[in-house]
file structure.json (JSON, C-alpha atoms)
[["chain", "number", "residue", "atom", "x", "y", "z"],
["D", 1, "MET", "CA", -16.03, 11.11, -26.51],
["D", 2, "ARG", "CA", -19.32, 12.69, -27.67],
["D", 3, "ARG", "CA", -21.14, 9.47, -26.77],
["D", 4, "LEU", "CA", -19.73, 9.57, -23.24],
["D", 5, "LEU", "CA", -20.59, 13.25, -22.80],
["D", 6, "LEU", "CA", -24.13, 12.61, -24.08],
["D", 7, "THR", "CA", -24.56, 9.86, -21.50],
["D", 8, "VAL", "CA", -23.20, 12.09, -18.72],
["D", 9, "VAL", "CA", -25.56, 14.95, -19.65],
["D", 10, "MET", "CA", -28.56, 12.59, -19.75],
["D", 11, "VAL", "CA", -27.71, 11.04, -16.37],
["D", 12, "LEU", "CA", -27.10, 14.43, -14.72],
["D", 13, "MET", "CA", -30.28, 15.90, -16.18],
["D", 14, "GLY", "CA", -32.27, 12.85, -15.08],
["D", 15, "ALA", "CA", -30.80, 12.91, -11.58],
["D", 16, "ALA", "CA", -31.58, 16.61, -11.23],
["D", 17, "LEU", "CA", -35.18, 16.03, -12.32],
["D", 18, "VAL", "CA", -35.61, 13.16, -9.87],
["D", 19, "GLY", "CA", -34.11, 15.31, -7.11],
["D", 20, "GLY", "CA", -36.38, 18.20, -8.02],
["D", 21, "SER", "CA", -39.42, 15.96, -7.95],
["D", 22, "ALA", "CA", -38.49, 14.72, -4.48],
["D", 23, "ARG", "CA", -38.16, 18.31, -3.29],
["D", 24, "ALA", "CA", -41.63, 19.07, -4.64],
["D", 25, "LEU", "CA", -43.04, 16.31, -2.44],
["D", 26, "PHE", "CA", -41.82, 18.04, 0.71],
["D", 27, "GLY", "CA", -42.74, 21.65, 0.10],
["D", 28, "GLU", "CA", -42.43, 24.83, -1.89],
["D", 29, "ARG", "CA", -45.11, 23.87, -4.37],
["D", 30, "LEU", "CA", -46.17, 26.59, -6.75],
["D", 31, "LEU", "CA", -49.71, 25.32, -7.22],
["D", 32, "PRO", "CA", -51.44, 22.38, -5.49],
["D", 33, "LEU", "CA", -53.62, 22.06, -8.60],
["D", 34, "ASP", "CA", -51.92, 18.83, -9.67],
["D", 35, "GLN", "CA", -53.34, 16.95, -6.67],
["D", 36, "GLU", "CA", -56.81, 18.41, -7.16],
["D", 37, "LEU", "CA", -56.87, 17.19, -10.76],
["D", 38, "GLY", "CA", -55.61, 13.73, -9.82],
["D", 39, "THR", "CA", -52.07, 14.07, -11.15],
["D", 40, "HIS", "CA", -48.72, 14.58, -9.47],
["D", 41, "SER", "CA", -46.19, 16.86, -11.10],
["D", 42, "SER", "CA", -43.44, 15.42, -8.90],
["D", 43, "ALA", "CA", -44.23, 11.91, -10.16],
["D", 44, "ALA", "CA", -44.10, 13.15, -13.76],
["D", 45, "ALA", "CA", -40.71, 14.77, -13.16],
["D", 46, "ALA", "CA", -39.46, 11.57, -11.54],
["D", 47, "ILE", "CA", -40.57, 9.49, -14.54],
["D", 48, "LEU", "CA", -38.86, 11.90, -16.96],
["D", 49, "GLY", "CA", -35.68, 11.80, -14.90],
["D", 50, "ILE", "CA", -35.67, 8.00, -14.55],
["D", 51, "GLY", "CA", -36.39, 7.62, -18.27],
["D", 52, "LEU", "CA", -33.51, 9.92, -19.20],
["D", 53, "MET", "CA", -31.11, 8.05, -16.94],
["D", 54, "ALA", "CA", -32.22, 4.67, -18.33],
["D", 55, "ALA", "CA", -31.98, 5.95, -21.92],
["D", 56, "ALA", "CA", -28.46, 7.21, -21.26],
["D", 57, "ILE", "CA", -27.25, 3.60, -21.55],
["D", 58, "HIS", "CA", -27.84, 3.73, -25.32],
["D", 59, "PRO", "CA", -29.16, 7.16, -26.37],
["D", 60, "ALA", "CA", -29.28, 6.41, -30.11],
["D", 61, "LYS", "CA", -31.81, 3.61, -29.52],
["D", 62, "ASN", "CA", -33.90, 5.77, -27.16],
["D", 63, "ILE", "CA", -34.44, 8.85, -29.30],
["D", 64, "ALA", "CA", -37.86, 9.56, -27.78],
["D", 65, "TRP", "CA", -36.29, 10.14, -24.37],
["D", 66, "VAL", "CA", -33.67, 12.42, -25.91],
["D", 67, "ARG", "CA", -36.47, 14.38, -27.60],
["D", 68, "ALA", "CA", -38.32, 14.60, -24.26],
["D", 69, "GLY", "CA", -35.18, 15.95, -22.60],
["D", 70, "ILE", "CA", -34.83, 18.60, -25.29],
["D", 71, "LEU", "CA", -38.50, 19.51, -24.96],
["D", 72, "TYR", "CA", -38.04, 19.93, -21.21],
["D", 73, "GLY", "CA", -35.84, 22.99, -21.78],
["D", 74, "LEU", "CA", -38.49, 24.67, -23.91],
["D", 75, "VAL", "CA", -41.30, 23.83, -21.51],
["D", 76, "THR", "CA", -39.31, 25.21, -18.59],
["D", 77, "ILE", "CA", -39.06, 28.60, -20.29],
["D", 78, "GLY", "CA", -42.80, 28.64, -20.94],
["D", 79, "TYR", "CA", -43.59, 27.51, -17.41],
["D", 80, "GLU", "CA", -41.43, 30.14, -15.73],
["D", 81, "LEU", "CA", -42.70, 32.95, -17.95],
["D", 82, "GLY", "CA", -46.30, 31.82, -17.58],
["D", 83, "ALA", "CA", -46.08, 31.47, -13.81],
["D", 84, "HIS", "CA", -44.47, 34.88, -13.51],
["D", 85, "TYR", "CA", -46.80, 36.84, -15.79],
["D", 86, "LEU", "CA", -50.07, 34.97, -15.24],
["D", 87, "ILE", "CA", -50.07, 34.32, -11.50],
["D", 88, "GLY", "CA", -47.35, 36.67, -10.30],
["D", 89, "ALA", "CA", -44.96, 33.97, -9.07],
["D", 90, "GLU", "CA", -41.29, 34.75, -8.63],
["D", 91, "PHE", "CA", -39.24, 34.10, -11.80],
["D", 92, "PHE", "CA", -36.49, 31.55, -11.16],
["D", 93, "ILE", "CA", -33.61, 31.77, -13.62],
["D", 94, "GLY", "CA", -31.86, 28.59, -12.41],
["D", 95, "PRO", "CA", -34.31, 26.09, -13.94],
["D", 96, "VAL", "CA", -34.35, 28.07, -17.19],
["D", 97, "ILE", "CA", -30.54, 28.02, -17.47],
["D", 98, "PHE", "CA", -30.43, 24.34, -16.53],
["D", 99, "GLY", "CA", -33.16, 23.41, -19.01],
["D", 100, "ILE", "CA", -31.70, 25.36, -21.92],
["D", 101, "ALA", "CA", -28.14, 24.19, -21.21],
["D", 102, "CYS", "CA", -29.18, 20.52, -21.06],
["D", 103, "SER", "CA", -31.35, 20.84, -24.16],
["D", 104, "LEU", "CA", -28.54, 22.44, -26.16],
["D", 105, "LEU", "CA", -26.04, 19.84, -24.94],
["D", 106, "LEU", "CA", -28.39, 17.00, -25.92],
["D", 107, "ILE", "CA", -28.73, 18.49, -29.40],
["D", 108, "ALA", "CA", -25.00, 19.14, -29.79],
["D", 109, "LEU", "CA", -23.89, 15.73, -28.52],
["D", 110, "TYR", "CA", -26.48, 13.50, -30.20],
["D", 111, "PRO", "CA", -24.75, 11.45, -32.92],
["D", 112, "ALA", "CA", -27.44, 11.84, -35.60],
["D", 113, "ARG", "CA", -28.92, 15.32, -35.14],
["D", 114, "ALA", "CA", -31.10, 15.05, -38.25],
["D", 115, "GLU", "CA", -33.06, 12.21, -36.60],
["D", 116, "LEU", "CA", -34.04, 14.44, -33.68],
["D", 117, "MET", "CA", -36.75, 16.04, -35.81],
["D", 118, "PRO", "CA", -39.64, 13.62, -36.37],
["D", 119, "PRO", "CA", -40.88, 13.04, -39.94],
["D", 120, "MET", "CA", -43.04, 15.84, -41.30],
["D", 121, "SER", "CA", -45.78, 13.71, -42.89],
["D", 122, "ASP", "CA", -48.96, 12.47, -41.24],
["D", 123, "PRO", "CA", -48.60, 9.30, -39.12],
["D", 124, "PRO", "CA", -50.22, 6.77, -41.48],
["D", 125, "THR", "CA", -47.77, 7.53, -44.31],
["D", 126, "ALA", "CA", -44.75, 8.27, -42.16],
["D", 127, "TYR", "CA", -44.31, 4.74, -40.83],
["D", 128, "ARG", "CA", -45.71, 2.41, -43.50],
["D", 129, "HIS", "CA", -45.59, 2.26, -47.24],
["D", 130, "PRO", "CA", -48.82, 1.96, -49.24],
["D", 131, "ILE", "CA", -49.39, -1.30, -51.12],
["D", 132, "THR", "CA", -49.73, -0.75, -54.82],
["D", 133, "ALA", "CA", -51.57, -3.01, -57.28],
["D", 134, "ALA", "CA", -48.32, -4.05, -58.99],
["D", 135, "ALA", "CA", -46.75, -5.24, -55.74],
["D", 136, "PRO", "CA", -48.73, -8.56, -55.41],
["D", 137, "GLU", "CA", -48.00, -9.49, -59.06],
["D", 138, "LYS", "CA", -44.29, -8.87, -58.55],
["D", 139, "ALA", "CA", -44.27, -10.95, -55.34],
["D", 140, "ALA", "CA", -46.04, -13.84, -57.13],
["D", 141, "ALA", "CA", -43.55, -13.74, -60.02],
["D", 142, "THR", "CA", -40.61, -13.77, -57.62],
["D", 143, "ALA", "CA", -42.02, -16.71, -55.66],
["D", 144, "ALA", "CA", -42.60, -18.74, -58.85],
["D", 145, "ALA", "CA", -39.06, -18.20, -60.16],
["D", 146, "PRO", "CA", -36.66, -21.07, -59.52],
["D", 147, "LYS", "CA", -33.97, -20.59, -56.91],
["D", 148, "GLY", "CA", -30.28, -20.67, -57.84],
["D", 149, "ASP", "CA", -29.70, -24.17, -56.42],
["D", 150, "GLU", "CA", -33.00, -25.68, -57.75],
["D", 151, "PRO", "CA", -33.34, -27.27, -61.19],
["D", 152, "ALA", "CA", -35.51, -25.33, -63.65]]

call {"tool": "encode", "arguments": {"input": "structure.json", "output": "structure tokens"}}
result
Amino acid sequence: MRRLLLTVVMVLMGAALVGGSARALFGERLLPLDQELGTHSSAAAAILGIGLMAAAIHPAKNIAWVRAGILYGLVTIGYELGAHYLIGAEFFIGPVIFGIACSLLLIALYPARAELMPPMSDPPTAYRHPITAAAPEKAAATAAAPKGDEPA
């Protein structure tokens, strides 16, 4: 049941982000700065939404998209507060509630919550094991040993 609910939350969140990005194309933009810099915030929202919907097929194998969905809730809070206090834009509570609710649901429904936090070591040691001097000697000794079905 949790797996089904996780998929539903990811699809709904993705669909809402794609819908929001389409709305941004047709008006009510907060800042046209994205086009001046050569980026499109609506395209970025569409990619996030499409990625979440695609990852909803098998969320456990697409943990990066789940993490991105969780991060969206935090970024939404920062964006709304920053826009309100820095440039005087109107504070919209709807996106904040949506972002936090989806983020909390993704965390609560994910089957292996401990995996949601990335490893705390630096990248070179987090994903590969160092080769020690004893390792080649052990590999050579294992290769030279006779197999169970071979005569000694």

call {"tool": "residues_around", "arguments": {"input": "structure.json", "residues": "region 12-15 of chain D", "least_positions_apart": "4", "cutoff": "8 Å", "atoms": "only C-alpha atoms", "output": "ChimeraX atom specification"}}
result
/D:8,19,48-53,102

call {"tool": "residues_around", "arguments": {"input": "structure.json", "residues": "Val9 (chain D)", "least_positions_apart": "6", "cutoff": "9 Å", "atoms": "all atoms listed in the file", "output": "list in words"}}
result
Ala56, Cys102, Leu105 and Leu106 of chain D

call {"tool": "closest_residue", "arguments": {"input": "structure.json", "among": "D:Val18, D:Ile57, D:Val11, D:Ile63", "to": "Pro111 (chain D)", "atoms": "only C-alpha atoms"}}
result
D:Ile63

call {"tool": "closest_residue", "arguments": {"input": "structure.json", "among": "D:Leu5, D:Leu116, D:Val96, D:Ala46", "to": "Tyr72 (chain D)", "atoms": "all atoms listed in the file"}}
result
D:Val96

call {"tool": "atom_distance", "arguments": {"input": "structure.json", "atom1": "CA of Gly88 (chain D)", "atom2": "CA of Ala45 (chain D)"}}
result
23.1 Å

call {"tool": "atom_distance", "arguments": {"input": "structure.json", "atom1": "CA of Leu4 (chain D)", "atom2": "CA of Met117 (chain D)"}}
result
22.1 Å

call {"tool": "build_atoms", "arguments": {"input": "structure.json", "residues": "region 102-122 of chain D", "atoms": "N, CA and C atoms", "output": "JSON list (two decimals), keeping the file's coordinate frame"}}
result
[["chain", "number", "residue", "atom", "x", "y", "z"],
["D", 102, "CYS", "N", -29.06, 21.96, -20.81],
["D", 102, "CYS", "CA", -29.18, 20.52, -21.06],
["D", 102, "CYS", "C", -29.76, 20.26, -22.44],
["D", 103, "SER", "N", -30.75, 21.03, -22.84],
["D", 103, "SER", "CA", -31.35, 20.84, -24.16],
["D", 103, "SER", "C", -30.32, 21.07, -25.27],
["D", 104, "LEU", "N", -29.56, 22.15, -25.15],
["D", 104, "LEU", "CA", -28.54, 22.44, -26.16],
["D", 104, "LEU", "C", -27.44, 21.39, -26.17],
["D", 105, "LEU", "N", -27.05, 20.90, -25.00],
["D", 105, "LEU", "CA", -26.04, 19.84, -24.94],
["D", 105, "LEU", "C", -26.56, 18.55, -25.56],
["D", 106, "LEU", "N", -27.82, 18.21, -25.32],
["D", 106, "LEU", "CA", -28.39, 17.00, -25.92],
["D", 106, "LEU", "C", -28.38, 17.12, -27.45],
["D", 107, "ILE", "N", -28.74, 18.28, -27.95],
["D", 107, "ILE", "CA", -28.73, 18.49, -29.40],
["D", 107, "ILE", "C", -27.32, 18.42, -29.95],
["D", 108, "ALA", "N", -26.38, 19.08, -29.29],
["D", 108, "ALA", "CA", -25.00, 19.14, -29.79],
["D", 108, "ALA", "C", -24.30, 17.79, -29.73],
["D", 109, "LEU", "N", -24.61, 16.98, -28.72],
["D", 109, "LEU", "CA", -23.89, 15.73, -28.52],
["D", 109, "LEU", "C", -24.55, 14.52, -29.17],
["D", 110, "TYR", "N", -25.80, 14.65, -29.61],
["D", 110, "TYR", "CA", -26.48, 13.50, -30.20],
["D", 110, "TYR", "C", -25.80, 13.12, -31.51],
["D", 111, "PRO", "N", -25.53, 11.84, -31.74],
["D", 111, "PRO", "CA", -24.75, 11.45, -32.92],
["D", 111, "PRO", "C", -25.42, 11.71, -34.26],
["D", 112, "ALA", "N", -26.73, 11.63, -34.33],
["D", 112, "ALA", "CA", -27.44, 11.84, -35.60],
["D", 112, "ALA", "C", -28.48, 12.94, -35.39],
["D", 113, "ARG", "N", -28.03, 14.19, -35.43],
["D", 113, "ARG", "CA", -28.92, 15.32, -35.14],
["D", 113, "ARG", "C", -30.13, 15.39, -36.06],
["D", 114, "ALA", "N", -29.98, 14.98, -37.30],
["D", 114, "ALA", "CA", -31.10, 15.05, -38.25],
["D", 114, "ALA", "C", -32.27, 14.18, -37.80],
["D", 115, "GLU", "N", -32.00, 13.11, -37.07],
["D", 115, "GLU", "CA", -33.06, 12.21, -36.60],
["D", 115, "GLU", "C", -33.85, 12.80, -35.43],
["D", 116, "LEU", "N", -33.34, 13.85, -34.82],
["D", 116, "LEU", "CA", -34.04, 14.44, -33.68],
["D", 116, "LEU", "C", -35.38, 15.06, -34.07],
["D", 117, "MET", "N", -35.47, 15.51, -35.32],
["D", 117, "MET", "CA", -36.75, 16.04, -35.81],
["D", 117, "MET", "C", -37.57, 14.88, -36.36],
["D", 118, "PRO", "N", -38.80, 14.70, -35.85],
["D", 118, "PRO", "CA", -39.64, 13.62, -36.37],
["D", 118, "PRO", "C", -40.03, 13.87, -37.83],
["D", 119, "PRO", "N", -40.47, 12.84, -38.55],
["D", 119, "PRO", "CA", -40.88, 13.04, -39.94],
["D", 119, "PRO", "C", -42.02, 14.04, -40.05],
["D", 120, "MET", "N", -42.06, 14.77, -41.15],
["D", 120, "MET", "CA", -43.04, 15.84, -41.30],
["D", 120, "MET", "C", -44.34, 15.40, -41.97],
["D", 121, "SER", "N", -44.54, 14.14, -42.27],
["D", 121, "SER", "CA", -45.78, 13.71, -42.89],
["D", 121, "SER", "C", -46.74, 13.19, -41.82],
["D", 122, "ASP", "N", -47.98, 12.95, -42.21],
["D", 122, "ASP", "CA", -48.96, 12.47, -41.24],
["D", 122, "ASP", "C", -48.63, 11.03, -40.85]]
